[in-house]
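K.L.:
Quick one: this structure, given as structure tokens, is what I'll be asking you about.
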Amino acid sequence: TTMIGFDVQLADAIAGKLGLKAKHVNTGFDTILAGLSSGKFDAGMSAFTITPDRSKSVDFVQYFSGGTAIAVPKGNPQKLSIDDLSLCGHKVSAQKGSIQGLNQMPAIDQKCKAAGKAGLTISLYPSQNDANLALTSGRVDAIAADTVSLAYQGKLANGTFELAPGKPYEPAAGGIALAKNSPLTPAVAEAVTELAADGTLKKLGEAWSLPAEVFTSGDGKVVSAAGGASCPAQTGAALVTALQSPGGAIVPSMPNAGSVTFTLTCSVTATGF
């Protein structure tokens, strides 16, 4: 069995550009960034929203633009939408450690209460699959997650849930997370830029039902609160990506590619919040 998904295939394409082979590691979403800082992983891909808070501890290479969406059972029987007050009094699931669970749903809960309405009942789960299962099993009324994730997870769930109407809530860029000042960052940025330019990024998105508008001219940009990454030639054993498996695929252990030397070019400009 193998891990599947847009992030998995993009990680493989990036590693290929670097002459490496990605070793995919399935881990809890809320442990990925800490794993980067400790050196357990080299890169993290799980539809991370780039935020000022997160960019204090890791650097990002942008590869999509999205926002938060609400998924509901097929047919949307309760007529929910991404509108703040539409969710008042309802049960909503989100992934533990996600921007939806940490900030957005609690903020909407407070708006509901300030408007004199019932608040949200927010249930947090260790993986997106668990959050999705809470909806399909009837334990919650809606899922809050990144638009990019929900777009193809709804397809994988055979149409048992769908996106509620409305534009993405709090649109923001998403990125590949890397340890602060990692020497891989400029190389990964250049690889993403090349994959965007040659059409690979868009083709992979189409294969996973991602709308073309999630890919923008900002893809490949380095975002760092500390001013960016260094750029010497480096030797790396493998590009290890901490990934979550969309659709519940079982995780394999992919072989290490061995030691590979690659040269970086310092053409990436870092930007900060």
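So you can find residues: chains in the structure tokens are A, B, ... in the order shown, residues in each start at 1, and ligands are numbered from 1 in order.
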Which residues are near range 100-106 of chain A? Cut-off 12 Å, only C-alpha atoms, ignore same chain within fewer than 3 positions. Put them as a PyMOL selection string.

P.N.:
chain A and resi 29-30+48-49+51+53+67-70+82-85+87-88+90-97+109-113+119-128+131+142-147+169-171

K.L.:
Next, write the just-selected residues to a file, as an mmCIF file, in the first residue's frame, keeping C-alpha atoms as the atom set.

P.N.:
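After the write, result26.cif holds the following:
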data_model
loop_
_atom_site.group_PDB
_atom_site.id
_atom_site.type_symbol
_atom_site.label_atom_id
_atom_site.label_comp_id
_atom_site.auth_asym_id
_atom_site.auth_seq_id
_atom_site.Cartn_x
_atom_site.Cartn_y
_atom_site.Cartn_z
ATOM 1 C CA PHE A 29 -0.821 17.262 12.028
ATOM 2 C CA ASP A 30 -0.097 19.001 15.321
ATOM 3 C CA PHE A 48 -0.386 24.406 6.024
ATOM 4 C CA THR A 49 -1.824 27.914 6.064
ATOM 5 C CA THR A 51 0.518 32.543 9.354
ATOM 6 C CA ASP A 53 2.703 32.866 14.249
ATOM 7 C CA GLY A 67 -8.871 29.605 2.766
ATOM 8 C CA THR A 68 -11.269 27.816 5.055
ATOM 9 C CA ALA A 69 -14.301 25.962 3.772
ATOM 10 C CA ILE A 70 -17.173 24.198 5.479
ATOM 11 C CA ILE A 82 -19.439 29.659 5.561
ATOM 12 C CA ASP A 83 -21.247 32.736 6.896
ATOM 13 C CA ASP A 84 -20.293 33.190 10.556
ATOM 14 C CA LEU A 85 -23.775 33.184 12.072
ATOM 15 C CA LEU A 87 -22.882 27.947 12.124
ATOM 16 C CA CYS A 88 -24.266 29.199 15.441
ATOM 17 C CA HIS A 90 -24.056 23.670 15.409
ATOM 18 C CA LYS A 91 -21.436 20.999 15.979
ATOM 19 C CA VAL A 92 -18.265 21.478 13.916
ATOM 20 C CA SER A 93 -15.234 19.221 13.618
ATOM 21 C CA ALA A 94 -11.699 20.345 12.827
ATOM 22 C CA GLN A 95 -8.223 18.930 12.935
ATOM 23 C CA LYS A 96 -6.196 19.363 16.103
ATOM 24 C CA GLY A 97 -3.507 21.990 15.609
ATOM 25 C CA ASP A 109 -18.116 30.809 18.455
ATOM 26 C CA GLN A 110 -17.494 34.145 20.170
ATOM 27 C CA LYS A 111 -19.268 36.066 17.373
ATOM 28 C CA CYS A 112 -22.310 33.837 17.791
ATOM 29 C CA LYS A 113 -22.430 34.427 21.530
ATOM 30 C CA GLY A 119 -22.214 29.031 20.334
ATOM 31 C CA LEU A 120 -20.479 26.306 18.370
ATOM 32 C CA THR A 121 -19.672 22.885 19.749
ATOM 33 C CA ILE A 122 -16.146 22.363 18.411
ATOM 34 C CA SER A 123 -14.683 18.852 18.304
ATOM 35 C CA LEU A 124 -10.979 18.481 17.488
ATOM 36 C CA TYR A 125 -9.517 15.301 16.025
ATOM 37 C CA PRO A 126 -5.927 14.078 15.542
ATOM 38 C CA SER A 127 -6.285 13.701 11.763
ATOM 39 C CA GLN A 128 -8.405 15.149 8.988
ATOM 40 C CA ALA A 131 -12.675 14.940 11.480
ATOM 41 C CA ALA A 142 -20.023 20.303 9.523
ATOM 42 C CA ILE A 143 -16.258 20.091 9.002
ATOM 43 C CA ALA A 144 -14.020 23.157 8.982
ATOM 44 C CA ALA A 145 -10.816 22.687 6.968
ATOM 45 C CA ASP A 146 -8.704 24.161 4.220
ATOM 46 C CA THR A 147 -10.488 24.484 0.874
ATOM 47 C CA TYR A 169 -13.266 32.165 4.762
ATOM 48 C CA GLU A 170 -10.161 34.262 5.499
ATOM 49 C CA PRO A 171 -8.271 33.491 2.254
#

K.L.:
If you run DSSP on this backbone, which residues of range 17-149 of chain A come out as helix (DSSP H, G or I), and could you give them as a PDB file with N, CA, C and O atoms, in the first residue's frame?

P.N.:
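Final file, result-v2.pdb:
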ATOM      1  N   LYS A  17      13.122  16.900  -8.812  1.00  0.00           N
ATOM      2  CA  LYS A  17      13.847  18.079  -9.307  1.00  0.00           C
ATOM      3  C   LYS A  17      15.199  18.231  -8.618  1.00  0.00           C
ATOM      4  O   LYS A  17      16.151  18.759  -9.199  1.00  0.00           O
ATOM      5  N   PHE A  29      -0.981  15.901  12.545  1.00  0.00           N
ATOM      6  CA  PHE A  29      -0.821  17.262  12.028  1.00  0.00           C
ATOM      7  C   PHE A  29      -0.162  18.186  13.051  1.00  0.00           C
ATOM      8  O   PHE A  29       0.713  18.986  12.714  1.00  0.00           O
ATOM      9  N   ASP A  30      -0.583  18.072  14.308  1.00  0.00           N
ATOM     10  CA  ASP A  30      -0.097  19.001  15.321  1.00  0.00           C
ATOM     11  C   ASP A  30       1.323  18.698  15.798  1.00  0.00           C
ATOM     12  O   ASP A  30       1.859  19.409  16.645  1.00  0.00           O
ATOM     13  N   THR A  31       1.951  17.649  15.251  1.00  0.00           N
ATOM     14  CA  THR A  31       3.337  17.327  15.620  1.00  0.00           C
ATOM     15  C   THR A  31       4.335  17.632  14.506  1.00  0.00           C
ATOM     16  O   THR A  31       5.546  17.511  14.714  1.00  0.00           O
ATOM     17  N   ILE A  32       3.838  18.013  13.323  1.00  0.00           N
ATOM     18  CA  ILE A  32       4.727  18.179  12.172  1.00  0.00           C
ATOM     19  C   ILE A  32       5.705  19.333  12.355  1.00  0.00           C
ATOM     20  O   ILE A  32       6.915  19.178  12.160  1.00  0.00           O
ATOM     21  N   LEU A  33       5.213  20.500  12.739  1.00  0.00           N
ATOM     22  CA  LEU A  33       6.095  21.659  12.856  1.00  0.00           C
ATOM     23  C   LEU A  33       7.145  21.449  13.938  1.00  0.00           C
ATOM     24  O   LEU A  33       8.312  21.835  13.763  1.00  0.00           O
ATOM     25  N   ALA A  34       6.753  20.838  15.037  1.00  0.00           N
ATOM     26  CA  ALA A  34       7.725  20.530  16.089  1.00  0.00           C
ATOM     27  C   ALA A  34       8.768  19.543  15.581  1.00  0.00           C
ATOM     28  O   ALA A  34       9.954  19.640  15.923  1.00  0.00           O
ATOM     29  N   GLY A  35       8.342  18.609  14.735  1.00  0.00           N
ATOM     30  CA  GLY A  35       9.265  17.646  14.156  1.00  0.00           C
ATOM     31  C   GLY A  35      10.276  18.290  13.233  1.00  0.00           C
ATOM     32  O   GLY A  35      11.422  17.833  13.128  1.00  0.00           O
ATOM     33  N   LEU A  36       9.882  19.365  12.566  1.00  0.00           N
ATOM     34  CA  LEU A  36      10.825  20.108  11.729  1.00  0.00           C
ATOM     35  C   LEU A  36      11.878  20.793  12.588  1.00  0.00           C
ATOM     36  O   LEU A  36      13.074  20.747  12.294  1.00  0.00           O
ATOM     37  N   SER A  37      11.442  21.428  13.645  1.00  0.00           N
ATOM     38  CA  SER A  37      12.355  22.162  14.522  1.00  0.00           C
ATOM     39  C   SER A  37      13.346  21.235  15.212  1.00  0.00           C
ATOM     40  O   SER A  37      14.496  21.609  15.468  1.00  0.00           O
ATOM     41  N   SER A  38      12.916  20.002  15.498  1.00  0.00           N
ATOM     42  CA  SER A  38      13.792  19.052  16.188  1.00  0.00           C
ATOM     43  C   SER A  38      14.690  18.288  15.227  1.00  0.00           C
ATOM     44  O   SER A  38      15.577  17.545  15.660  1.00  0.00           O
ATOM     45  N   ARG A  54       3.082  30.913  12.843  1.00  0.00           N
ATOM     46  CA  ARG A  54       3.826  29.734  12.405  1.00  0.00           C
ATOM     47  C   ARG A  54       5.180  30.106  11.808  1.00  0.00           C
ATOM     48  O   ARG A  54       6.158  29.378  11.965  1.00  0.00           O
ATOM     49  N   SER A  55       5.236  31.257  11.121  1.00  0.00           N
ATOM     50  CA  SER A  55       6.486  31.632  10.458  1.00  0.00           C
ATOM     51  C   SER A  55       7.554  32.101  11.447  1.00  0.00           C
ATOM     52  O   SER A  55       8.688  32.337  11.056  1.00  0.00           O
ATOM     53  N   LYS A  56       7.183  32.194  12.716  1.00  0.00           N
ATOM     54  CA  LYS A  56       8.193  32.480  13.739  1.00  0.00           C
ATOM     55  C   LYS A  56       9.063  31.265  14.010  1.00  0.00           C
ATOM     56  O   LYS A  56      10.222  31.395  14.410  1.00  0.00           O
ATOM     57  N   ASP A  84     -20.528  33.384   9.120  1.00  0.00           N
ATOM     58  CA  ASP A  84     -20.293  33.190  10.556  1.00  0.00           C
ATOM     59  C   ASP A  84     -21.522  32.703  11.319  1.00  0.00           C
ATOM     60  O   ASP A  84     -21.501  31.682  11.984  1.00  0.00           O
ATOM     61  N   LEU A  85     -22.616  33.460  11.237  1.00  0.00           N
ATOM     62  CA  LEU A  85     -23.775  33.184  12.072  1.00  0.00           C
ATOM     63  C   LEU A  85     -24.550  31.956  11.622  1.00  0.00           C
ATOM     64  O   LEU A  85     -25.389  31.445  12.368  1.00  0.00           O
ATOM     65  N   SER A  86     -24.287  31.472  10.411  1.00  0.00           N
ATOM     66  CA  SER A  86     -24.945  30.260   9.947  1.00  0.00           C
ATOM     67  C   SER A  86     -24.559  29.052  10.782  1.00  0.00           C
ATOM     68  O   SER A  86     -25.332  28.104  10.917  1.00  0.00           O
ATOM     69  N   LEU A  87     -23.378  29.100  11.362  1.00  0.00           N
ATOM     70  CA  LEU A  87     -22.882  27.947  12.124  1.00  0.00           C
ATOM     71  C   LEU A  87     -23.281  27.986  13.596  1.00  0.00           C
ATOM     72  O   LEU A  87     -23.023  27.026  14.326  1.00  0.00           O
ATOM     73  N   ILE A  99      -5.442  25.781  11.833  1.00  0.00           N
ATOM     74  CA  ILE A  99      -5.848  27.168  12.028  1.00  0.00           C
ATOM     75  C   ILE A  99      -7.353  27.243  12.289  1.00  0.00           C
ATOM     76  O   ILE A  99      -7.835  28.111  13.020  1.00  0.00           O
ATOM     77  N   GLN A 100      -8.094  26.290  11.722  1.00  0.00           N
ATOM     78  CA  GLN A 100      -9.550  26.259  11.942  1.00  0.00           C
ATOM     79  C   GLN A 100      -9.869  25.931  13.398  1.00  0.00           C
ATOM     80  O   GLN A 100     -10.729  26.558  14.016  1.00  0.00           O
ATOM     81  N   GLY A 101      -9.167  24.938  13.934  1.00  0.00           N
ATOM     82  CA  GLY A 101      -9.429  24.532  15.309  1.00  0.00           C
ATOM     83  C   GLY A 101      -8.873  25.477  16.346  1.00  0.00           C
ATOM     84  O   GLY A 101      -9.482  25.695  17.393  1.00  0.00           O
ATOM     85  N   LEU A 102      -7.708  26.063  16.040  1.00  0.00           N
ATOM     86  CA  LEU A 102      -7.046  26.927  17.010  1.00  0.00           C
ATOM     87  C   LEU A 102      -7.636  28.325  17.062  1.00  0.00           C
ATOM     88  O   LEU A 102      -7.737  28.924  18.139  1.00  0.00           O
ATOM     89  N   ASN A 103      -8.001  28.874  15.906  1.00  0.00           N
ATOM     90  CA  ASN A 103      -8.377  30.286  15.837  1.00  0.00           C
ATOM     91  C   ASN A 103      -9.761  30.554  15.258  1.00  0.00           C
ATOM     92  O   ASN A 103     -10.573  31.244  15.876  1.00  0.00           O
ATOM     93  N   GLN A 104     -10.021  30.023  14.078  1.00  0.00           N
ATOM     94  CA  GLN A 104     -11.207  30.466  13.334  1.00  0.00           C
ATOM     95  C   GLN A 104     -12.521  30.017  13.959  1.00  0.00           C
ATOM     96  O   GLN A 104     -13.436  30.824  14.114  1.00  0.00           O
ATOM     97  N   MET A 105     -12.651  28.740  14.290  1.00  0.00           N
ATOM     98  CA  MET A 105     -13.917  28.277  14.875  1.00  0.00           C
ATOM     99  C   MET A 105     -14.144  28.880  16.267  1.00  0.00           C
ATOM    100  O   MET A 105     -15.264  29.297  16.578  1.00  0.00           O
ATOM    101  N   PRO A 106     -13.123  28.991  17.125  1.00  0.00           N
ATOM    102  CA  PRO A 106     -13.343  29.694  18.391  1.00  0.00           C
ATOM    103  C   PRO A 106     -13.765  31.151  18.192  1.00  0.00           C
ATOM    104  O   PRO A 106     -14.594  31.671  18.950  1.00  0.00           O
ATOM    105  N   ALA A 107     -13.217  31.814  17.157  1.00  0.00           N
ATOM    106  CA  ALA A 107     -13.598  33.207  16.895  1.00  0.00           C
ATOM    107  C   ALA A 107     -15.058  33.291  16.453  1.00  0.00           C
ATOM    108  O   ALA A 107     -15.804  34.193  16.877  1.00  0.00           O
ATOM    109  N   ILE A 108     -15.488  32.352  15.610  1.00  0.00           N
ATOM    110  CA  ILE A 108     -16.887  32.324  15.171  1.00  0.00           C
ATOM    111  C   ILE A 108     -17.801  32.013  16.353  1.00  0.00           C
ATOM    112  O   ILE A 108     -18.896  32.583  16.492  1.00  0.00           O
ATOM    113  N   ASP A 109     -17.354  31.129  17.234  1.00  0.00           N
ATOM    114  CA  ASP A 109     -18.116  30.809  18.455  1.00  0.00           C
ATOM    115  C   ASP A 109     -18.373  32.076  19.262  1.00  0.00           C
ATOM    116  O   ASP A 109     -19.500  32.315  19.731  1.00  0.00           O
ATOM    117  N   GLN A 110     -17.344  32.904  19.413  1.00  0.00           N
ATOM    118  CA  GLN A 110     -17.494  34.145  20.170  1.00  0.00           C
ATOM    119  C   GLN A 110     -18.428  35.135  19.473  1.00  0.00           C
ATOM    120  O   GLN A 110     -19.199  35.845  20.118  1.00  0.00           O
ATOM    121  N   LYS A 111     -18.370  35.184  18.133  1.00  0.00           N
ATOM    122  CA  LYS A 111     -19.268  36.066  17.373  1.00  0.00           C
ATOM    123  C   LYS A 111     -20.718  35.651  17.576  1.00  0.00           C
ATOM    124  O   LYS A 111     -21.615  36.490  17.700  1.00  0.00           O
ATOM    125  N   CYS A 112     -20.950  34.333  17.581  1.00  0.00           N
ATOM    126  CA  CYS A 112     -22.310  33.837  17.791  1.00  0.00           C
ATOM    127  C   CYS A 112     -22.830  34.271  19.162  1.00  0.00           C
ATOM    128  O   CYS A 112     -23.951  34.780  19.290  1.00  0.00           O
ATOM    129  N   LYS A 113     -22.023  34.082  20.174  1.00  0.00           N
ATOM    130  CA  LYS A 113     -22.430  34.427  21.530  1.00  0.00           C
ATOM    131  C   LYS A 113     -22.630  35.931  21.694  1.00  0.00           C
ATOM    132  O   LYS A 113     -23.560  36.371  22.387  1.00  0.00           O
ATOM    133  N   ALA A 114     -21.760  36.716  21.013  1.00  0.00           N
ATOM    134  CA  ALA A 114     -21.898  38.176  21.089  1.00  0.00           C
ATOM    135  C   ALA A 114     -23.183  38.641  20.417  1.00  0.00           C
ATOM    136  O   ALA A 114     -23.735  39.695  20.766  1.00  0.00           O
ATOM    137  N   GLN A 128      -7.286  14.666   9.790  1.00  0.00           N
ATOM    138  CA  GLN A 128      -8.405  15.149   8.988  1.00  0.00           C
ATOM    139  C   GLN A 128      -9.384  14.033   8.677  1.00  0.00           C
ATOM    140  O   GLN A 128     -10.594  14.242   8.605  1.00  0.00           O
ATOM    141  N   ASN A 129      -8.874  12.816   8.506  1.00  0.00           N
ATOM    142  CA  ASN A 129      -9.754  11.678   8.264  1.00  0.00           C
ATOM    143  C   ASN A 129     -10.714  11.478   9.427  1.00  0.00           C
ATOM    144  O   ASN A 129     -11.894  11.173   9.237  1.00  0.00           O
ATOM    145  N   ASP A 130     -10.214  11.646  10.656  1.00  0.00           N
ATOM    146  CA  ASP A 130     -11.073  11.501  11.840  1.00  0.00           C
ATOM    147  C   ASP A 130     -12.131  12.606  11.885  1.00  0.00           C
ATOM    148  O   ASP A 130     -13.284  12.359  12.252  1.00  0.00           O
ATOM    149  N   ALA A 131     -11.723  13.831  11.507  1.00  0.00           N
ATOM    150  CA  ALA A 131     -12.675  14.940  11.480  1.00  0.00           C
ATOM    151  C   ALA A 131     -13.762  14.690  10.437  1.00  0.00           C
ATOM    152  O   ALA A 131     -14.939  14.987  10.654  1.00  0.00           O
ATOM    153  N   ASN A 132     -13.357  14.128   9.287  1.00  0.00           N
ATOM    154  CA  ASN A 132     -14.324  13.799   8.231  1.00  0.00           C
ATOM    155  C   ASN A 132     -15.282  12.705   8.683  1.00  0.00           C
ATOM    156  O   ASN A 132     -16.496  12.768   8.423  1.00  0.00           O
ATOM    157  N   LEU A 133     -14.732  11.701   9.358  1.00  0.00           N
ATOM    158  CA  LEU A 133     -15.559  10.587   9.832  1.00  0.00           C
ATOM    159  C   LEU A 133     -16.600  11.060  10.837  1.00  0.00           C
ATOM    160  O   LEU A 133     -17.720  10.533  10.879  1.00  0.00           O
ATOM    161  N   ALA A 134     -16.245  12.074  11.614  1.00  0.00           N
ATOM    162  CA  ALA A 134     -17.216  12.618  12.568  1.00  0.00           C
ATOM    163  C   ALA A 134     -18.450  13.157  11.853  1.00  0.00           C
ATOM    164  O   ALA A 134     -19.568  13.057  12.360  1.00  0.00           O
ATOM    165  N   LEU A 135     -18.245  13.717  10.660  1.00  0.00           N
ATOM    166  CA  LEU A 135     -19.381  14.218   9.879  1.00  0.00           C
ATOM    167  C   LEU A 135     -20.170  13.080   9.253  1.00  0.00           C
ATOM    168  O   LEU A 135     -21.399  13.019   9.376  1.00  0.00           O
ATOM    169  N   THR A 136     -19.480  12.170   8.593  1.00  0.00           N
ATOM    170  CA  THR A 136     -20.189  11.102   7.876  1.00  0.00           C
ATOM    171  C   THR A 136     -20.890  10.139   8.823  1.00  0.00           C
ATOM    172  O   THR A 136     -21.834   9.455   8.431  1.00  0.00           O
ATOM    173  N   THR A 147      -9.750  24.750   2.110  1.00  0.00           N
ATOM    174  CA  THR A 147     -10.488  24.484   0.874  1.00  0.00           C
ATOM    175  C   THR A 147      -9.782  23.444   0.007  1.00  0.00           C
ATOM    176  O   THR A 147     -10.421  22.605  -0.615  1.00  0.00           O
ATOM    177  N   VAL A 148      -8.435  23.507  -0.031  1.00  0.00           N
ATOM    178  CA  VAL A 148      -7.681  22.574  -0.872  1.00  0.00           C
ATOM    179  C   VAL A 148      -7.875  21.142  -0.388  1.00  0.00           C
ATOM    180  O   VAL A 148      -8.104  20.232  -1.181  1.00  0.00           O
ATOM    181  N   SER A 149      -7.820  20.932   0.919  1.00  0.00           N
ATOM    182  CA  SER A 149      -8.012  19.592   1.469  1.00  0.00           C
ATOM    183  C   SER A 149      -9.420  19.075   1.210  1.00  0.00           C
ATOM    184  O   SER A 149      -9.610  17.949   0.732  1.00  0.00           O
TER     185      SER A 149
END

K.L.:
Pick from A:Ala71, A:Ala13, A:Val222, A:Ile4: nearest to Ala196 in chain A, with only C-alpha atoms counted?

P.N.:
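Among the listed residues, the smallest separation from Ala196 in chain A belongs to A:Ala13.
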
K.L.:
Check the smallest atom-to-atom distance from each of A:Ala43, A:Val58, A:Ile50, A:Leu150 to Ser209 in chain A using only C-alpha atoms, then report the winner.

P.N.:
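Nearest candidate to Ser209 in chain A out of A:Ala43, A:Val58, A:Ile50, A:Leu150: A:Leu150.
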